[in-house]
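structure_20.cif, holding mmCIF, C-alpha atoms:
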data_coords
#
loop_
_atom_site.label_atom_id
_atom_site.label_comp_id
_atom_site.auth_asym_id
_atom_site.auth_seq_id
_atom_site.Cartn_x
_atom_site.Cartn_y
_atom_site.Cartn_z
CA MET Z 1 -123.61 111.26 -69.80
CA GLY Z 2 -126.92 109.52 -69.25
CA VAL Z 3 -127.99 106.07 -70.41
CA TRP Z 4 -126.55 104.35 -67.35
CA GLY Z 5 -123.12 105.91 -67.61
CA THR Z 6 -121.47 108.10 -64.99
CA ASP Z 7 -120.10 111.64 -65.08
CA GLN Z 8 -116.69 110.68 -63.74
CA TRP Z 9 -115.13 111.51 -67.12
CA MET Z 10 -115.96 115.18 -66.54
CA LEU Z 11 -113.38 115.32 -63.74
CA GLU Z 12 -110.50 114.00 -65.82
CA GLY Z 13 -107.69 116.54 -65.71
CA SER Z 14 -109.50 118.73 -63.18
CA THR Z 15 -107.53 120.28 -60.32
CA ASN Z 16 -110.70 121.48 -58.59
CA LEU Z 17 -112.23 118.27 -57.25
CA ASP Z 18 -111.80 119.27 -53.59
CA ASN Z 19 -113.32 122.69 -54.25
CA ILE Z 20 -116.24 121.14 -56.11
CA LYS Z 21 -116.93 118.88 -53.12
CA VAL Z 22 -116.84 121.85 -50.73
CA VAL Z 23 -119.33 123.83 -52.83
CA LEU Z 24 -121.59 120.81 -53.31
CA ASN Z 25 -121.60 120.12 -49.57
CA ALA Z 26 -122.64 123.72 -48.98
CA TYR Z 27 -125.64 123.20 -51.27
CA ARG Z 28 -126.38 119.93 -49.47
CA SER Z 29 -126.89 121.95 -46.30
CA ILE Z 30 -130.24 122.99 -47.80
CA ARG Z 31 -132.37 120.27 -46.25
CA GLU Z 32 -135.24 120.25 -48.72
CA ARG Z 33 -135.75 119.92 -52.45
CA ILE Z 34 -135.01 123.01 -54.53
CA THR Z 35 -136.18 124.87 -57.62
CA TYR Z 36 -133.29 125.23 -60.05
CA CYS Z 37 -133.29 128.04 -62.61
CA SER Z 38 -131.62 126.93 -65.84
CA VAL Z 39 -130.18 129.94 -67.65
CA PRO Z 40 -127.51 130.75 -70.26
CA ILE Z 41 -124.16 131.74 -68.76
CA THR Z 42 -121.41 131.47 -71.39
CA SER Z 43 -123.56 131.11 -74.52
CA GLY Z 44 -127.16 131.88 -75.50
CA HIS Z 45 -128.55 134.91 -77.35
CA PHE Z 46 -125.92 137.36 -76.06
CA TYR Z 47 -123.16 135.06 -77.29
CA TYR Z 48 -124.50 134.59 -80.81
CA SER Z 49 -125.57 138.21 -81.22
CA GLU Z 50 -122.05 139.33 -80.32
CA LEU Z 51 -120.52 136.87 -82.78
CA GLU Z 52 -122.82 138.21 -85.49
CA LYS Z 53 -122.02 141.80 -84.59
CA LYS Z 54 -118.28 141.15 -84.86
CA GLY Z 55 -118.64 139.05 -88.01
CA VAL Z 56 -116.99 135.96 -86.47
CA LYS Z 57 -118.13 132.37 -85.99
CA SER Z 58 -116.43 131.15 -82.80
CA ILE Z 59 -115.38 132.24 -79.34
CA ASP Z 60 -111.71 131.98 -80.34
CA GLU Z 61 -112.23 134.49 -83.14
CA LEU Z 62 -114.20 136.74 -80.80
CA VAL Z 63 -111.46 136.74 -78.15
CA GLU Z 64 -108.92 137.66 -80.82
CA GLU Z 65 -111.02 140.76 -81.51
CA ASP Z 66 -111.40 141.70 -77.84
CA GLN Z 67 -110.16 139.54 -74.96
CA LYS Z 68 -112.45 141.15 -72.39
CA ILE Z 69 -115.68 141.03 -74.36
CA PHE Z 70 -116.53 137.46 -73.38
CA ILE Z 71 -116.67 138.29 -69.67
CA LYS Z 72 -117.67 141.95 -69.87
CA TYR Z 73 -120.54 141.54 -72.31
CA ILE Z 74 -121.65 137.93 -72.65
CA MET Z 75 -121.15 136.49 -69.16
CA ASP Z 76 -122.02 139.65 -67.24
CA ASN Z 77 -125.22 140.27 -69.21
CA ASN Z 78 -126.24 136.63 -68.93
CA SER Z 79 -125.61 136.77 -65.19
CA LYS Z 80 -127.66 139.94 -64.70
CA GLU Z 81 -130.60 138.54 -66.63
CA GLY Z 82 -130.27 135.12 -65.01
CA ILE Z 83 -130.29 136.49 -61.47
CA ALA Z 84 -133.26 138.74 -62.26
CA PHE Z 85 -135.07 135.71 -63.71
CA ALA Z 86 -134.38 133.66 -60.57
CA ASP Z 87 -135.56 136.54 -58.37
CA GLU Z 88 -138.91 136.53 -60.20
CA ILE Z 89 -139.23 132.76 -59.86
CA ALA Z 90 -138.40 133.03 -56.15
CA LYS Z 91 -141.45 135.26 -55.64
CA GLU Z 92 -143.67 132.40 -56.79
CA SER Z 93 -141.79 129.35 -55.51
CA ARG Z 94 -142.43 127.60 -52.22
CA ARG Z 95 -139.01 125.98 -52.44
CA PRO Z 96 -135.51 127.48 -52.19
CA VAL Z 97 -134.46 128.82 -55.59
CA ILE Z 98 -130.95 128.31 -56.95
CA SER Z 99 -129.50 130.67 -59.55
CA PRO Z 100 -126.32 129.08 -60.98
CA CYS Z 101 -125.13 132.30 -62.60
CA ALA Z 102 -124.79 133.88 -59.14
CA PHE Z 103 -121.88 131.51 -58.51
CA GLU Z 104 -118.54 131.83 -60.26
CA ALA Z 105 -115.04 130.51 -59.58
CA ARG Z 106 -112.91 132.38 -62.10
CA THR Z 107 -110.07 132.95 -59.62
CA GLN Z 108 -109.85 129.19 -59.05
CA ARG Z 109 -109.83 128.61 -62.80
CA TRP Z 110 -112.75 126.22 -62.91
CA ARG Z 111 -113.28 124.57 -66.29
CA GLU Z 112 -116.69 124.34 -67.94
CA ASP Z 113 -116.86 120.63 -67.07
CA ASP Z 114 -116.19 121.49 -63.41
CA TYR Z 115 -119.24 123.76 -63.37
CA MET Z 116 -121.41 121.26 -65.25
CA TYR Z 117 -120.38 118.45 -62.92
CA LEU Z 118 -121.45 120.59 -59.94
CA TRP Z 119 -124.81 121.57 -61.47
CA PHE Z 120 -125.59 118.03 -62.62
CA ARG Z 121 -124.94 116.77 -59.09
CA LEU Z 122 -127.13 119.48 -57.60
CA ILE Z 123 -129.96 118.79 -60.05
CA GLU Z 124 -129.84 115.04 -59.46
CA GLU Z 125 -129.55 115.23 -55.68
CA LYS Z 126 -131.69 118.23 -54.77
CA ALA Z 127 -133.88 119.55 -57.59
CA LYS Z 128 -137.62 119.00 -57.61
CA LYS Z 129 -138.27 121.56 -60.34
CA LEU Z 130 -136.25 123.06 -63.19
CA VAL Z 131 -137.50 126.35 -64.58
CA MET Z 132 -136.06 127.12 -68.00
CA LYS Z 133 -135.35 130.74 -68.89
CA PRO Z 134 -136.77 131.71 -72.31
CA GLY Z 135 -134.06 131.24 -74.92
CA TRP Z 136 -132.49 128.30 -73.08
CA GLU Z 137 -132.44 126.35 -76.35
CA TYR Z 138 -129.61 128.61 -77.58
CA SER Z 139 -127.50 127.81 -74.52
CA ASN Z 140 -125.05 124.91 -74.37
CA GLY Z 141 -125.27 124.51 -70.60
CA ALA Z 142 -129.03 125.02 -70.27
CA SER Z 143 -129.74 122.56 -73.10
CA ARG Z 144 -127.59 119.96 -71.32
CA GLU Z 145 -129.51 120.60 -68.09
CA PHE Z 146 -132.84 120.17 -69.88
CA VAL Z 147 -131.64 116.84 -71.29
CA ARG Z 148 -130.37 115.75 -67.89
CA ALA Z 149 -133.79 116.36 -66.33
CA ILE Z 150 -135.48 114.40 -69.13
CA GLU Z 151 -132.99 111.56 -68.64
CA MET Z 152 -133.96 111.56 -64.98
CA GLN Z 153 -137.69 111.48 -65.76
CA PHE Z 154 -137.29 108.47 -68.04
CA GLY Z 155 -134.99 106.56 -65.73
CA PHE Z 156 -131.89 106.83 -67.90
CA ILE Z 157 -129.80 108.15 -65.03
CA ASN Z 158 -128.01 105.96 -62.54
CA PRO Z 159 -128.63 107.16 -58.95
CA GLY Z 160 -124.89 106.81 -58.42
CA ASN Z 161 -124.12 108.88 -61.49
CA SER Z 162 -121.48 110.93 -59.70
CA LEU Z 163 -119.86 107.95 -58.01
CA ALA Z 164 -117.52 105.20 -59.11
CA LYS Z 165 -119.56 102.82 -56.91
CA LEU Z 166 -122.85 103.19 -55.05
CA PRO Z 167 -122.75 102.72 -51.26
CA ASP Z 168 -124.07 99.29 -50.26
CA ASP Z 169 -126.83 100.73 -48.06
CA VAL Z 170 -128.51 102.75 -50.84
CA ASP Z 171 -132.06 101.67 -51.67
CA LEU Z 172 -131.96 101.73 -55.47
CA ASN Z 173 -135.74 101.56 -55.92
CA LYS Z 174 -136.29 104.62 -53.73
CA GLU Z 175 -133.50 106.50 -55.48
CA TYR Z 176 -134.92 105.76 -58.94
CA ASP Z 177 -138.37 106.88 -57.81
CA ARG Z 178 -136.98 110.10 -56.38
CA ILE Z 179 -134.93 110.92 -59.46
CA LYS Z 180 -137.85 110.39 -61.83
CA LYS Z 181 -140.06 112.90 -59.99
CA ILE Z 182 -138.29 115.98 -61.33
CA ASN Z 183 -140.46 118.45 -63.29
CA LEU Z 184 -139.60 120.96 -66.01
CA TYR Z 185 -141.30 124.34 -66.42
CA ALA Z 186 -141.30 127.49 -68.49
CA PRO Z 187 -142.03 130.81 -66.73
CA GLY Z 188 -145.58 130.92 -65.41
CA TRP Z 189 -145.22 127.28 -64.35
CA GLN Z 190 -146.14 126.03 -67.79
CA TYR Z 191 -145.09 122.39 -67.89
CA LEU Z 192 -142.40 121.49 -70.43
CA TYR Z 193 -142.47 118.08 -72.06
CA LEU Z 194 -139.79 116.23 -73.96
CA GLU Z 195 -141.51 117.18 -77.23
CA ASP Z 196 -141.22 120.87 -76.31
CA GLY Z 197 -137.48 120.48 -75.95
CA VAL Z 198 -137.21 118.72 -79.30
CA LYS Z 199 -139.10 121.47 -81.10
CA LEU Z 200 -137.29 124.37 -79.42
CA LEU Z 201 -133.83 122.88 -79.93
CA SER Z 202 -134.53 121.92 -83.53
CA TYR Z 203 -135.61 125.47 -84.35
CA ALA Z 204 -132.60 126.97 -82.56
CA ILE Z 205 -130.17 124.67 -84.38
CA HIS Z 206 -131.84 125.36 -87.72
CA ASP Z 207 -131.66 129.11 -87.06
CA LEU Z 208 -127.99 129.08 -86.06
CA LYS Z 209 -126.89 126.78 -88.86
CA GLN Z 210 -128.55 129.06 -91.40
CA LYS Z 211 -126.38 131.85 -89.99
CA GLY Z 212 -123.26 129.74 -90.44
CA PHE Z 213 -122.63 128.67 -86.84
CA GLU Z 214 -121.48 125.21 -85.80
CA VAL Z 215 -123.43 124.04 -82.74
CA PRO Z 216 -122.20 120.55 -81.76
CA ILE Z 217 -123.37 120.69 -78.14
CA LEU Z 218 -126.90 121.76 -79.10
CA GLU Z 219 -126.92 118.99 -81.70
CA GLN Z 220 -125.80 116.47 -79.12
CA SER Z 221 -128.58 117.60 -76.77
CA LEU Z 222 -131.17 117.21 -79.52
CA CYS Z 223 -129.80 113.78 -80.43
CA LYS Z 224 -130.15 112.60 -76.85
CA LEU Z 225 -133.76 113.77 -76.75
CA TYR Z 226 -134.44 111.88 -79.98
CA HIS Z 227 -133.05 108.73 -78.43
CA ILE Z 228 -135.05 109.09 -75.24
CA SER Z 229 -138.29 109.92 -76.99
CA LEU Z 230 -138.35 107.09 -79.55
CA PHE Z 231 -142.13 107.07 -79.89
CA GLY Z 232 -142.45 110.76 -79.08
CA ILE Z 233 -140.81 111.86 -82.31
CA LYS Z 234 -142.97 109.47 -84.29
CA ASN Z 235 -145.97 111.03 -82.59
CA LEU Z 236 -144.86 114.52 -83.62
CA GLU Z 237 -144.41 113.41 -87.21
CA GLN Z 238 -147.86 111.81 -87.24
CA LYS Z 239 -149.27 115.18 -86.23
CA LYS Z 240 -147.36 116.64 -89.20
CA GLU Z 241 -145.63 119.17 -87.00
CA LYS Z 242 -142.65 120.73 -88.73
CA ILE Z 243 -139.27 119.74 -87.30
CA PRO Z 244 -136.75 121.84 -89.25
CA TYR Z 245 -133.60 120.06 -88.12
CA LYS Z 246 -133.02 116.36 -87.60
CA PRO Z 247 -129.71 114.77 -86.62
CA GLU Z 248 -128.12 111.94 -88.57
CA PHE Z 249 -128.45 108.55 -86.92
CA ASP Z 250 -126.73 106.21 -89.32
CA THR Z 251 -123.27 107.67 -89.95
CA GLU Z 252 -120.38 106.08 -88.09
CA ASP Z 253 -118.73 109.41 -87.35
CA SER Z 254 -121.91 111.22 -86.32
CA ILE Z 255 -121.93 113.07 -83.03
CA ILE Z 256 -124.32 110.53 -81.52
CA SER Z 257 -122.55 107.32 -82.53
CA LYS Z 258 -121.41 106.91 -78.91
CA GLU Z 259 -124.96 107.33 -77.62
CA ILE Z 260 -126.23 104.76 -80.13
CA LYS Z 261 -123.67 102.28 -78.81
CA ASN Z 262 -124.73 102.99 -75.23
CA LEU Z 263 -128.37 102.32 -76.05
CA THR Z 264 -127.37 99.11 -77.82
CA LYS Z 265 -125.49 98.00 -74.72
CA LEU Z 266 -128.54 98.73 -72.59
CA LYS Z 267 -130.72 96.67 -74.90
CA ASN Z 268 -128.27 93.76 -75.04
CA LYS Z 269 -127.26 93.63 -71.38
CA GLN Z 270 -130.43 94.73 -69.60
CA LEU Z 271 -133.15 93.64 -71.99
CA PRO Z 272 -135.98 93.38 -69.41
CA LEU Z 273 -135.26 96.91 -68.22
CA PHE Z 274 -134.98 98.18 -71.79
CA LYS Z 275 -138.35 96.61 -72.65
CA SER Z 276 -139.98 98.19 -69.61
CA LYS Z 277 -138.70 101.61 -70.74
CA LEU Z 278 -140.22 101.06 -74.17
CA GLU Z 279 -143.56 100.15 -72.60
CA GLU Z 280 -143.47 103.33 -70.51
CA LEU Z 281 -142.81 105.37 -73.63
CA LYS Z 282 -145.65 103.67 -75.52
CA LEU Z 283 -148.08 104.52 -72.74
CA LYS Z 284 -146.84 108.11 -72.59
CA TYR Z 285 -146.92 108.92 -76.28
CA ASN Z 286 -149.46 106.63 -77.96
#
Using structure tokens, write down the structure that the file contains.
Amino acid sequence: MGVWGTDQWMLEGSTNLDNIKVVLNAYRSIRERITYCSVPITSGHFYYSELEKKGVKSIDELVEEDQKIFIKYIMDNNSKEGIAFADEIAKESRRPVISPCAFEARTQRWREDDYMYLWFRLIEEKAKKLVMKPGWEYSNGASREFVRAIEMQFGFINPGNSLAKLPDDVDLNKEYDRIKKINLYAPGWQYLYLEDGVKLLSYAIHDLKQKGFEVPILEQSLCKLYHISLFGIKNLEQKKEKIPYKPEFDTEDSIISKEIKNLTKLKNKQLPLFKSKLEELKLKYN
């Protein structure tokens, strides 16, 4: 969720909480920071190319055409490419490399939010580096992971994000420092900045909307980056760099109205902290 919220809402209605804890504890057995490969799994280029090929606009329409195509073509191809991508990264990484597409729990009927809850926890607790597979900006899950890492860098994530209440013995200052030290990369260890995410997502959304697709999750990811950047977007516009798609900020029913309210709460209730974040952003982008 970001902006000082928690991810507890993702578990509402889930029957897999115990299984999620077991899997997460297995990852916690890795006693050093990891490199996490962010890749498309259920969406991305394979997903949209198949929709175009079949002449449909949604997964529901696609499944009506062929119930097996989602797993057989989209997920399997994404998994093959994602694992191969992680294998290449592993050759260059000094840290353990995690490939999320190598894990699946279809037989336990995990929901998408179950998977995302697991990966968010792993990223927040263990990841030192996120390496984004080319084309990540067309992926719902990968775009959310990019945003989560940026939220961590800018201190918009609560160290107890997965918990209803932080343990009393947790040193908050150390946890905030640790969380903010995550780094984002493209292949070849090219550093990715917040502005890179804004540009890539805006082009992907513009491209898909021109083809008639609705992309609410990608839009939400872009909106969150806009909020976090504040001065960064202004800086891009001053450079006269083309941003083909911009979200609406002022409509009550816009997809980001909830995020606007969260930021307002942060400003009203934690004004000193909010001001310090603005100063950090000014130094970074001006």
As a check of understanding, name the residues that the PyMOL selection byres ((chain Z and resi 196) around 12) selects in the supplied structure, as a PDB file with C-alpha atoms, keeping the file's coordinate frame.
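So the final result, stored in expr.pdb, reads:
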ATOM      1  CA  MET Z 132    -136.060 127.120 -68.000  1.00  0.00           C
ATOM      2  CA  TRP Z 136    -132.490 128.300 -73.080  1.00  0.00           C
ATOM      3  CA  GLU Z 137    -132.440 126.350 -76.350  1.00  0.00           C
ATOM      4  CA  PHE Z 146    -132.840 120.170 -69.880  1.00  0.00           C
ATOM      5  CA  VAL Z 147    -131.640 116.840 -71.290  1.00  0.00           C
ATOM      6  CA  ILE Z 150    -135.480 114.400 -69.130  1.00  0.00           C
ATOM      7  CA  LEU Z 184    -139.600 120.960 -66.010  1.00  0.00           C
ATOM      8  CA  TYR Z 185    -141.300 124.340 -66.420  1.00  0.00           C
ATOM      9  CA  ALA Z 186    -141.300 127.490 -68.490  1.00  0.00           C
ATOM     10  CA  GLN Z 190    -146.140 126.030 -67.790  1.00  0.00           C
ATOM     11  CA  TYR Z 191    -145.090 122.390 -67.890  1.00  0.00           C
ATOM     12  CA  LEU Z 192    -142.400 121.490 -70.430  1.00  0.00           C
ATOM     13  CA  TYR Z 193    -142.470 118.080 -72.060  1.00  0.00           C
ATOM     14  CA  LEU Z 194    -139.790 116.230 -73.960  1.00  0.00           C
ATOM     15  CA  GLU Z 195    -141.510 117.180 -77.230  1.00  0.00           C
ATOM     16  CA  GLY Z 197    -137.480 120.480 -75.950  1.00  0.00           C
ATOM     17  CA  VAL Z 198    -137.210 118.720 -79.300  1.00  0.00           C
ATOM     18  CA  LYS Z 199    -139.100 121.470 -81.100  1.00  0.00           C
ATOM     19  CA  LEU Z 200    -137.290 124.370 -79.420  1.00  0.00           C
ATOM     20  CA  LEU Z 201    -133.830 122.880 -79.930  1.00  0.00           C
ATOM     21  CA  SER Z 202    -134.530 121.920 -83.530  1.00  0.00           C
ATOM     22  CA  TYR Z 203    -135.610 125.470 -84.350  1.00  0.00           C
ATOM     23  CA  LEU Z 222    -131.170 117.210 -79.520  1.00  0.00           C
ATOM     24  CA  LEU Z 225    -133.760 113.770 -76.750  1.00  0.00           C
ATOM     25  CA  TYR Z 226    -134.440 111.880 -79.980  1.00  0.00           C
ATOM     26  CA  SER Z 229    -138.290 109.920 -76.990  1.00  0.00           C
ATOM     27  CA  GLY Z 232    -142.450 110.760 -79.080  1.00  0.00           C
ATOM     28  CA  ILE Z 233    -140.810 111.860 -82.310  1.00  0.00           C
ATOM     29  CA  LEU Z 236    -144.860 114.520 -83.620  1.00  0.00           C
ATOM     30  CA  GLU Z 241    -145.630 119.170 -87.000  1.00  0.00           C
ATOM     31  CA  ILE Z 243    -139.270 119.740 -87.300  1.00  0.00           C
TER      32      ILE Z 243
END
In Å, with one decimal, what is the gap from CA of Ile74 (chain Z) to CA of Gly188 (chain Z)?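 We find that CA of Ile74 (chain Z) and CA of Gly188 (chain Z) lie 26.0 Å from each other.
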Report as a ChimeraX atom specification the full result of the PyMOL selection byres ((chain Z and resi 119-124) around 10) when it is applied to this structure. /Z:7,24-25,27-28,33-36,38,98,100,113-118,125-130,141,144-145,148-149,152,157-162,178-180,182
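CA of Cys223 (chain Z) is positioned 28.8 Å from CA of Ile20 (chain Z).
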Expand the PyMOL selection byres ((chain Z and resi 73) around 12) into the explicit residue set it covers here, and present it as JSON, numbers by chain. {"Z": [41, 42, 43, 45, 46, 47, 48, 49, 50, 51, 62, 63, 66, 67, 68, 69, 70, 71, 72, 74, 75, 76, 77, 78, 79, 80, 81]}
Would you output that residue set with C-alpha atoms, as a PDB file, in the frame of the given file?
ATOM      1  CA  ILE Z  41    -124.160 131.740 -68.760  1.00  0.00           C
ATOM      2  CA  THR Z  42    -121.410 131.470 -71.390  1.00  0.00           C
ATOM      3  CA  SER Z  43    -123.560 131.110 -74.520  1.00  0.00           C
ATOM      4  CA  HIS Z  45    -128.550 134.910 -77.350  1.00  0.00           C
ATOM      5  CA  PHE Z  46    -125.920 137.360 -76.060  1.00  0.00           C
ATOM      6  CA  TYR Z  47    -123.160 135.060 -77.290  1.00  0.00           C
ATOM      7  CA  TYR Z  48    -124.500 134.590 -80.810  1.00  0.00           C
ATOM      8  CA  SER Z  49    -125.570 138.210 -81.220  1.00  0.00           C
ATOM      9  CA  GLU Z  50    -122.050 139.330 -80.320  1.00  0.00           C
ATOM     10  CA  LEU Z  51    -120.520 136.870 -82.780  1.00  0.00           C
ATOM     11  CA  LEU Z  62    -114.200 136.740 -80.800  1.00  0.00           C
ATOM     12  CA  VAL Z  63    -111.460 136.740 -78.150  1.00  0.00           C
ATOM     13  CA  ASP Z  66    -111.400 141.700 -77.840  1.00  0.00           C
ATOM     14  CA  GLN Z  67    -110.160 139.540 -74.960  1.00  0.00           C
ATOM     15  CA  LYS Z  68    -112.450 141.150 -72.390  1.00  0.00           C
ATOM     16  CA  ILE Z  69    -115.680 141.030 -74.360  1.00  0.00           C
ATOM     17  CA  PHE Z  70    -116.530 137.460 -73.380  1.00  0.00           C
ATOM     18  CA  ILE Z  71    -116.670 138.290 -69.670  1.00  0.00           C
ATOM     19  CA  LYS Z  72    -117.670 141.950 -69.870  1.00  0.00           C
ATOM     20  CA  ILE Z  74    -121.650 137.930 -72.650  1.00  0.00           C
ATOM     21  CA  MET Z  75    -121.150 136.490 -69.160  1.00  0.00           C
ATOM     22  CA  ASP Z  76    -122.020 139.650 -67.240  1.00  0.00           C
ATOM     23  CA  ASN Z  77    -125.220 140.270 -69.210  1.00  0.00           C
ATOM     24  CA  ASN Z  78    -126.240 136.630 -68.930  1.00  0.00           C
ATOM     25  CA  SER Z  79    -125.610 136.770 -65.190  1.00  0.00           C
ATOM     26  CA  LYS Z  80    -127.660 139.940 -64.700  1.00  0.00           C
ATOM     27  CA  GLU Z  81    -130.600 138.540 -66.630  1.00  0.00           C
TER      28      GLU Z  81
END
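Of note, CA of Ile83 (chain Z) and CA of Ser143 (chain Z) are spaced 18.2 Å apart.
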With 8 Å as the threshold, what does the neighbourhood of (-133.8, 130.9, -69.2) contain in terms of residues, counting all atoms listed in the file? Coordinates are those of the file; answer as a compact mmCIF listing (two decimals) with C-alpha atoms, in the coordinates of the input.
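So point.txt came out as:
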# COMPACT_ATOMS: atom_id res chain seq x y z
CA CYS Z 37 -133.29 128.04 -62.61
CA SER Z 38 -131.62 126.93 -65.84
CA VAL Z 39 -130.18 129.94 -67.65
CA PRO Z 40 -127.51 130.75 -70.26
CA GLY Z 82 -130.27 135.12 -65.01
CA PHE Z 85 -135.07 135.71 -63.71
CA VAL Z 131 -137.50 126.35 -64.58
CA MET Z 132 -136.06 127.12 -68.00
CA LYS Z 133 -135.35 130.74 -68.89
CA PRO Z 134 -136.77 131.71 -72.31
CA GLY Z 135 -134.06 131.24 -74.92
CA TRP Z 136 -132.49 128.30 -73.08
CA ALA Z 142 -129.03 125.02 -70.27
List as a list of chain:residue names the protein and nucleic acid residues near Ala105 (chain Z), meaning an atom at most 10 Å away when all atoms listed in the file are counted, but skip any in the same chain fewer than 3 places from it. Z:Asn19, Z:Gln108, Z:Arg109, Z:Trp110, Z:Arg111, Z:Asp114, Z:Tyr115
Near region 204-217 of chain Z, 9 Å: region 9-125 of chain Z residue rows, closest pairs, only C-alpha atoms, as a Markdown table:
| residue | atom | partner | partner_atom | distance |
| --- | --- | --- | --- | --- |
| Z:Tyr48 | CA | Z:Leu208 | CA | 8.4 |
| Z:Glu52 | CA | Z:Lys211 | CA | 8.6 |
| Z:Lys57 | CA | Z:Phe213 | CA | 5.9 |
| Z:Ser58 | CA | Z:Phe213 | CA | 7.8 |
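For the set Z:Lys91, Z:Cys101, Z:Glu151, Z:Glu32, the residue with the smallest atom-to-atom gap to Ile228 (chain Z) is Z:Glu151, counting all atoms listed in the file.
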Reconstruct N, CA and C atoms of region 146-159 of chain Z from the incomplete input and present them as a JSON list (two decimals), keeping the file's coordinate frame.
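Resulting contents of out.json:
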[["chain", "number", "residue", "atom", "x", "y", "z"],
["Z", 146, "PHE", "N", -131.52, 120.64, -69.47],
["Z", 146, "PHE", "CA", -132.84, 120.17, -69.88],
["Z", 146, "PHE", "C", -132.79, 118.67, -70.18],
["Z", 147, "VAL", "N", -131.78, 118.26, -70.94],
["Z", 147, "VAL", "CA", -131.64, 116.84, -71.29],
["Z", 147, "VAL", "C", -131.43, 116.01, -70.03],
["Z", 148, "ARG", "N", -130.61, 116.51, -69.11],
["Z", 148, "ARG", "CA", -130.37, 115.75, -67.89],
["Z", 148, "ARG", "C", -131.66, 115.51, -67.11],
["Z", 149, "ALA", "N", -132.51, 116.52, -67.03],
["Z", 149, "ALA", "CA", -133.79, 116.36, -66.33],
["Z", 149, "ALA", "C", -134.69, 115.35, -67.04],
["Z", 150, "ILE", "N", -134.70, 115.38, -68.37],
["Z", 150, "ILE", "CA", -135.48, 114.40, -69.13],
["Z", 150, "ILE", "C", -134.93, 113.00, -68.92],
["Z", 151, "GLU", "N", -133.60, 112.86, -68.92],
["Z", 151, "GLU", "CA", -132.99, 111.56, -68.64],
["Z", 151, "GLU", "C", -133.42, 111.05, -67.28],
["Z", 152, "MET", "N", -133.51, 111.94, -66.32],
["Z", 152, "MET", "CA", -133.96, 111.56, -64.98],
["Z", 152, "MET", "C", -135.41, 111.09, -65.01],
["Z", 153, "GLN", "N", -136.27, 111.84, -65.70],
["Z", 153, "GLN", "CA", -137.69, 111.48, -65.76],
["Z", 153, "GLN", "C", -137.90, 110.08, -66.34],
["Z", 154, "PHE", "N", -137.11, 109.74, -67.35],
["Z", 154, "PHE", "CA", -137.29, 108.47, -68.04],
["Z", 154, "PHE", "C", -136.44, 107.35, -67.47],
["Z", 155, "GLY", "N", -135.75, 107.62, -66.39],
["Z", 155, "GLY", "CA", -134.99, 106.56, -65.73],
["Z", 155, "GLY", "C", -133.70, 106.18, -66.43],
["Z", 156, "PHE", "N", -133.14, 107.11, -67.22],
["Z", 156, "PHE", "CA", -131.89, 106.83, -67.90],
["Z", 156, "PHE", "C", -130.68, 107.31, -67.11],
["Z", 157, "ILE", "N", -130.89, 107.68, -65.87],
["Z", 157, "ILE", "CA", -129.80, 108.15, -65.03],
["Z", 157, "ILE", "C", -129.61, 107.19, -63.87],
["Z", 158, "ASN", "N", -128.38, 106.80, -63.66],
["Z", 158, "ASN", "CA", -128.01, 105.96, -62.54],
["Z", 158, "ASN", "C", -128.02, 106.80, -61.27],
["Z", 159, "PRO", "N", -128.66, 106.37, -60.19],
["Z", 159, "PRO", "CA", -128.63, 107.16, -58.95],
["Z", 159, "PRO", "C", -127.22, 107.43, -58.45]]
